[in-house]
>>> print(open('my_file-v9.pdb').read())   # PDB, C-alpha atoms, pLDDT in the B column
MODEL        1
ATOM      1  CA  MET A1274     -78.708  -9.339 -44.138  1.00 55.00           C
ATOM      2  CA  LEU A1275     -78.648 -11.720 -47.099  1.00 50.00           C
ATOM      3  CA  LYS A1276     -76.176  -9.420 -48.849  1.00 56.00           C
ATOM      4  CA  SER A1277     -73.751  -9.429 -45.878  1.00 52.00           C
ATOM      5  CA  PHE A1278     -74.047 -13.248 -45.657  1.00 45.00           C
ATOM      6  CA  ALA A1279     -73.201 -13.533 -49.366  1.00 46.00           C
ATOM      7  CA  VAL A1280     -70.195 -11.212 -48.986  1.00 43.00           C
ATOM      8  CA  ALA A1281     -68.967 -13.180 -45.952  1.00 46.00           C
ATOM      9  CA  THR A1282     -69.413 -16.461 -47.822  1.00 44.00           C
ATOM     10  CA  ILE A1283     -67.489 -15.177 -50.843  1.00 45.00           C
ATOM     11  CA  ALA A1284     -64.698 -13.868 -48.604  1.00 44.00           C
ATOM     12  CA  THR A1285     -64.477 -17.236 -46.828  1.00 44.00           C
ATOM     13  CA  LEU A1286     -64.294 -19.089 -50.148  1.00 40.00           C
ATOM     14  CA  MET A1287     -61.597 -16.727 -51.418  1.00 43.00           C
ATOM     15  CA  LEU A1288     -59.506 -17.252 -48.261  1.00 42.00           C
ATOM     16  CA  ALA A1289     -59.927 -21.030 -48.506  1.00 41.00           C
ATOM     17  CA  GLY A1290     -58.899 -20.903 -52.166  1.00 42.00           C
ATOM     18  CA  ALA A1291     -55.841 -18.814 -51.334  1.00 39.00           C
ATOM     19  CA  ALA A1292     -54.831 -21.252 -48.570  1.00 39.00           C
ATOM     20  CA  ALA A1293     -55.245 -24.211 -50.934  1.00 39.00           C
ATOM     21  CA  ALA A1294     -53.155 -22.444 -53.584  1.00 38.00           C
ATOM     22  CA  GLN A1295     -50.463 -21.739 -50.991  1.00 39.00           C
ATOM     23  CA  ASP A1296     -50.451 -25.433 -49.943  1.00 44.00           C
ATOM     24  CA  ALA A1297     -50.232 -26.471 -53.594  1.00 44.00           C
ATOM     25  CA  SER A1298     -47.337 -24.105 -54.296  1.00 44.00           C
ATOM     26  CA  ALA A1299     -45.504 -25.346 -51.189  1.00 46.00           C
ATOM     27  CA  ALA A1300     -45.790 -28.900 -52.519  1.00 56.00           C
ATOM     28  CA  ALA A1301     -44.792 -27.757 -56.016  1.00 81.00           C
ATOM     29  CA  SER A1302     -41.129 -27.337 -55.067  1.00 92.00           C
ATOM     30  CA  PRO A1303     -38.675 -28.924 -52.640  1.00 96.00           C
ATOM     31  CA  SER A1304     -37.668 -25.575 -51.082  1.00 96.00           C
ATOM     32  CA  GLY A1305     -37.376 -25.864 -47.287  1.00 97.00           C
ATOM     33  CA  GLN A1306     -37.728 -29.662 -47.260  1.00 97.00           C
ATOM     34  CA  ILE A1307     -35.329 -32.117 -45.582  1.00 97.00           C
ATOM     35  CA  TYR A1308     -35.224 -35.857 -46.237  1.00 98.00           C
ATOM     36  CA  ARG A1309     -33.429 -38.609 -44.310  1.00 97.00           C
ATOM     37  CA  VAL A1310     -32.198 -41.118 -46.881  1.00 96.00           C
ATOM     38  CA  SER A1311     -30.931 -44.570 -45.869  1.00 95.00           C
ATOM     39  CA  PHE A1312     -28.355 -46.296 -48.045  1.00 95.00           C
ATOM     40  CA  ALA A1313     -27.154 -49.845 -48.632  1.00 94.00           C
ATOM     41  CA  ASN A1314     -23.803 -50.884 -47.204  1.00 90.00           C
ATOM     42  CA  VAL A1315     -21.675 -49.813 -50.199  1.00 87.00           C
ATOM     43  CA  ASP A1316     -18.933 -47.236 -50.771  1.00 82.00           C
ATOM     44  CA  PRO A1317     -18.933 -44.280 -50.045  1.00 78.00           C
ATOM     45  CA  VAL A1318     -21.910 -44.296 -47.638  1.00 77.00           C
ATOM     46  CA  PHE A1319     -21.558 -47.778 -46.083  1.00 80.00           C
ATOM     47  CA  GLY A1320     -25.108 -48.255 -44.829  1.00 80.00           C
ATOM     48  CA  GLY A1321     -25.567 -44.852 -43.245  1.00 85.00           C
ATOM     49  CA  SER A1322     -28.401 -42.360 -43.286  1.00 91.00           C
ATOM     50  CA  ILE A1323     -27.819 -38.948 -44.794  1.00 93.00           C
ATOM     51  CA  TYR A1324     -29.997 -35.850 -44.579  1.00 95.00           C
ATOM     52  CA  PHE A1325     -30.554 -33.951 -47.817  1.00 96.00           C
ATOM     53  CA  GLU A1326     -31.697 -30.358 -47.340  1.00 96.00           C
ATOM     54  CA  PHE A1327     -33.293 -28.425 -50.184  1.00 97.00           C
ATOM     55  CA  ASP A1328     -32.978 -24.661 -49.760  1.00 96.00           C
ATOM     56  CA  ASP A1329     -34.058 -21.990 -52.237  1.00 94.00           C
ATOM     57  CA  TRP A1330     -31.986 -23.457 -55.090  1.00 94.00           C
ATOM     58  CA  GLY A1331     -29.308 -25.665 -53.553  1.00 96.00           C
ATOM     59  CA  ILE A1332     -29.090 -29.138 -52.050  1.00 96.00           C
ATOM     60  CA  SER A1333     -26.720 -29.943 -49.201  1.00 93.00           C
ATOM     61  CA  SER A1334     -26.145 -33.144 -47.266  1.00 93.00           C
ATOM     62  CA  TYR A1335     -25.132 -33.901 -43.702  1.00 91.00           C
ATOM     63  CA  THR A1336     -25.347 -36.579 -41.022  1.00 87.00           C
ATOM     64  CA  GLU A1337     -25.921 -36.534 -37.279  1.00 78.00           C
ATOM     65  CA  SER A1338     -22.843 -38.640 -36.574  1.00 70.00           C
ATOM     66  CA  GLY A1339     -20.683 -38.159 -39.669  1.00 60.00           C
ATOM     67  CA  ILE A1340     -19.636 -40.689 -42.266  1.00 58.00           C
ATOM     68  CA  GLY A1341     -15.892 -40.792 -42.670  1.00 56.00           C
ATOM     69  CA  GLY A1342     -15.631 -37.124 -41.694  1.00 56.00           C
ATOM     70  CA  ALA A1343     -16.774 -35.783 -45.074  1.00 64.00           C
ATOM     71  CA  ASP A1344     -18.364 -32.324 -44.967  1.00 72.00           C
ATOM     72  CA  SER A1345     -21.060 -33.305 -47.463  1.00 85.00           C
ATOM     73  CA  PRO A1346     -21.239 -37.111 -47.220  1.00 86.00           C
ATOM     74  CA  GLY A1347     -24.052 -37.352 -49.768  1.00 90.00           C
ATOM     75  CA  GLY A1348     -22.625 -34.804 -52.140  1.00 90.00           C
ATOM     76  CA  THR A1349     -24.248 -31.535 -53.137  1.00 93.00           C
ATOM     77  CA  GLY A1350     -26.476 -30.310 -55.905  1.00 96.00           C
ATOM     78  CA  SER A1351     -28.954 -27.721 -57.067  1.00 97.00           C
ATOM     79  CA  TRP A1352     -32.479 -27.577 -58.419  1.00 97.00           C
ATOM     80  CA  ASP A1353     -34.636 -25.252 -60.455  1.00 96.00           C
ATOM     81  CA  ALA A1354     -38.289 -24.971 -61.361  1.00 94.00           C
ATOM     82  CA  GLU A1355     -39.598 -24.774 -64.904  1.00 92.00           C
ATOM     83  CA  GLY A1356     -43.330 -24.272 -64.459  1.00 92.00           C
ATOM     84  CA  ALA A1357     -44.525 -27.315 -62.499  1.00 94.00           C
ATOM     85  CA  ALA A1358     -41.433 -29.336 -63.486  1.00 96.00           C
ATOM     86  CA  ILE A1359     -38.406 -29.555 -61.211  1.00 96.00           C
ATOM     87  CA  SER A1360     -34.892 -30.326 -62.457  1.00 97.00           C
ATOM     88  CA  ILE A1361     -32.311 -31.673 -60.022  1.00 97.00           C
ATOM     89  CA  TYR A1362     -28.583 -31.366 -60.788  1.00 97.00           C
ATOM     90  CA  GLY A1363     -25.973 -33.350 -58.893  1.00 95.00           C
ATOM     91  CA  ASP A1364     -22.455 -32.064 -58.431  1.00 94.00           C
ATOM     92  CA  ALA A1365     -19.505 -34.267 -59.365  1.00 91.00           C
ATOM     93  CA  GLY A1366     -17.316 -35.480 -56.521  1.00 85.00           C
ATOM     94  CA  GLU A1367     -14.332 -33.472 -55.402  1.00 81.00           C
ATOM     95  CA  ALA A1368     -10.785 -34.594 -56.085  1.00 82.00           C
ATOM     96  CA  PRO A1369      -8.879 -35.680 -52.975  1.00 80.00           C
ATOM     97  CA  ASP A1370      -6.568 -33.077 -51.478  1.00 81.00           C
ATOM     98  CA  PRO A1371      -3.342 -34.817 -50.395  1.00 85.00           C
ATOM     99  CA  GLY A1372      -2.882 -32.426 -47.465  1.00 83.00           C
ATOM    100  CA  ASP A1373      -6.442 -32.734 -46.129  1.00 79.00           C
ATOM    101  CA  PRO A1374      -7.103 -35.502 -43.572  1.00 76.00           C
ATOM    102  CA  LEU A1375     -10.838 -35.422 -44.366  1.00 72.00           C
ATOM    103  CA  PRO A1376     -12.194 -37.210 -47.420  1.00 73.00           C
ATOM    104  CA  PRO A1377     -13.542 -35.070 -50.262  1.00 76.00           C
ATOM    105  CA  ALA A1378     -17.279 -34.750 -50.880  1.00 78.00           C
ATOM    106  CA  PRO A1379     -18.446 -37.609 -53.090  1.00 86.00           C
ATOM    107  CA  ALA A1380     -20.580 -37.286 -56.195  1.00 90.00           C
ATOM    108  CA  PHE A1381     -24.281 -36.644 -55.522  1.00 95.00           C
ATOM    109  CA  GLN A1382     -25.455 -39.900 -53.930  1.00 94.00           C
ATOM    110  CA  LEU A1383     -29.152 -39.693 -54.903  1.00 96.00           C
ATOM    111  CA  PHE A1384     -28.237 -40.414 -58.533  1.00 96.00           C
ATOM    112  CA  ALA A1385     -27.023 -43.602 -60.164  1.00 94.00           C
ATOM    113  CA  ASP A1386     -23.336 -43.654 -61.137  1.00 91.00           C
ATOM    114  CA  GLY A1387     -22.630 -41.446 -64.127  1.00 90.00           C
ATOM    115  CA  GLN A1388     -25.906 -39.524 -63.892  1.00 94.00           C
ATOM    116  CA  SER A1389     -25.787 -35.777 -63.285  1.00 95.00           C
ATOM    117  CA  GLN A1390     -29.410 -34.622 -63.549  1.00 96.00           C
ATOM    118  CA  VAL A1391     -33.061 -35.669 -63.494  1.00 97.00           C
ATOM    119  CA  ARG A1392     -36.292 -33.905 -64.365  1.00 97.00           C
ATOM    120  CA  CYS A1393     -39.523 -34.408 -62.443  1.00 96.00           C
ATOM    121  CA  GLU A1394     -42.722 -33.331 -64.171  1.00 96.00           C
ATOM    122  CA  SER A1395     -44.012 -32.336 -60.719  1.00 95.00           C
ATOM    123  CA  TRP A1396     -42.613 -32.504 -57.198  1.00 95.00           C
ATOM    124  CA  PRO A1397     -44.016 -35.464 -55.227  1.00 94.00           C
ATOM    125  CA  ARG A1398     -46.032 -34.582 -52.135  1.00 94.00           C
ATOM    126  CA  ILE A1399     -44.642 -36.324 -49.045  1.00 96.00           C
ATOM    127  CA  GLU A1400     -45.918 -35.173 -45.671  1.00 97.00           C
ATOM    128  CA  VAL A1401     -43.450 -34.444 -42.839  1.00 97.00           C
ATOM    129  CA  GLY A1402     -42.844 -37.700 -40.959  1.00 98.00           C
ATOM    130  CA  ALA A1403     -43.980 -39.856 -43.882  1.00 98.00           C
ATOM    131  CA  SER A1404     -41.851 -42.315 -45.817  1.00 97.00           C
ATOM    132  CA  ALA A1405     -41.812 -42.995 -49.536  1.00 96.00           C
ATOM    133  CA  ASP A1406     -40.603 -45.852 -51.703  1.00 96.00           C
ATOM    134  CA  PRO A1407     -37.337 -44.564 -53.243  1.00 97.00           C
ATOM    135  CA  GLN A1408     -38.075 -46.302 -56.550  1.00 95.00           C
ATOM    136  CA  SER A1409     -41.276 -44.253 -56.874  1.00 96.00           C
ATOM    137  CA  LEU A1410     -39.471 -40.905 -56.555  1.00 97.00           C
ATOM    138  CA  CYS A1411     -38.375 -39.200 -59.764  1.00 95.00           C
ATOM    139  CA  TRP A1412     -35.460 -37.470 -58.024  1.00 96.00           C
ATOM    140  CA  ILE A1413     -33.744 -40.645 -56.776  1.00 97.00           C
ATOM    141  CA  THR A1414     -32.123 -42.972 -59.308  1.00 96.00           C
ATOM    142  CA  SER A1415     -29.430 -44.600 -57.156  1.00 96.00           C
ATOM    143  CA  PRO A1416     -30.031 -48.315 -56.621  1.00 96.00           C
ATOM    144  CA  ASN A1417     -28.285 -47.936 -53.238  1.00 95.00           C
ATOM    145  CA  VAL A1418     -31.107 -45.912 -51.649  1.00 97.00           C
ATOM    146  CA  LEU A1419     -33.174 -48.125 -49.342  1.00 97.00           C
ATOM    147  CA  ALA A1420     -35.550 -45.698 -47.616  1.00 97.00           C
ATOM    148  CA  VAL A1421     -36.642 -42.052 -47.687  1.00 98.00           C
ATOM    149  CA  GLU A1422     -38.380 -40.097 -44.913  1.00 98.00           C
ATOM    150  CA  ARG A1423     -39.296 -36.427 -44.979  1.00 98.00           C
ATOM    151  CA  THR A1424     -38.214 -34.807 -41.707  1.00 97.00           C
ATOM    152  CA  GLN A1425     -39.076 -31.185 -42.522  1.00 95.00           C
TER
ENDMDL
END
>>> encode(input="my_file-v9.pdb", output="structure tokens")
Amino acid sequence: MLKSFAVATIATLMLAGAAAAQDASAAASPSGQIYRVSFANVDPVFGGSIYFEFDDWGISSYTESGIGGADSPGGTGSWDAEGAAISIYGDAGEAPDPGDPLPPAPAFQLFADGQSQVRCESWPRIEVGASADPQSLCWITSPNVLAVERTQ
């Protein structure tokens, strides 16, 4: 009986350890996360909120109501993992197309002007529904970001 209790206890500890490791790896990258980012009233966002969605390696942006009709009002980017470190790369803005009535996607709006990448030594853990101070986040360098909330 003592032997079966010991085996059950070890199995429980192993499962708990595996679950903790899975939680830690989920927090170790931005994959599958969405953030609502609020901006100051400056060009090209003009005080709006933009959602930034991190998929397996890319970053897209969208709004619920649209800002000026742009497809990607916050720009686009990509990310990659290097051990625990995460590098974020912002795409440059698109050139205007004279025949297109919609504005082109701007440069990646999470970065300060002229910046194209950042490196985070680890991905910050922000729970769904929680907010974070933008100045404390390694992946936001734009002075125009006012608030950040994780929505997924």
>>> resolve_selection(input="my_file-v9.pdb", expression="the PyMOL selection byres ((chain A and resi 1403) around 8)", output="PyMOL selection string")
chain A and resi 1399-1402+1404-1405+1422-1424
>>> residues_around(input="my_file-v9.pdb", residues="A:Asp1344", least_positions_apart="5", cutoff="9 Å", atoms="all atoms listed in the file", output="list in words")
Ser1334, Tyr1335, Gly1339, Leu1375, Pro1376, Pro1377 and Ala1378 of chain A
>>> atom_distance(input="my_file-v9.pdb", atom1="atom CA of A:Gly1350", atom2="atom CA of A:Pro1374")
23.5 Å
>>> resolve_selection(input="my_file-v9.pdb", expression="the PyMOL selection byres ((chain A and resi 1411) around 9)", output="NGL selection string")
:A and (1391-1397 or 1407-1410 or 1412-1414)
>>> atom_distance(input="my_file-v9.pdb", atom1="atom CA of A:Ser1345", atom2="atom CA of A:Asp1406")
23.6 Å
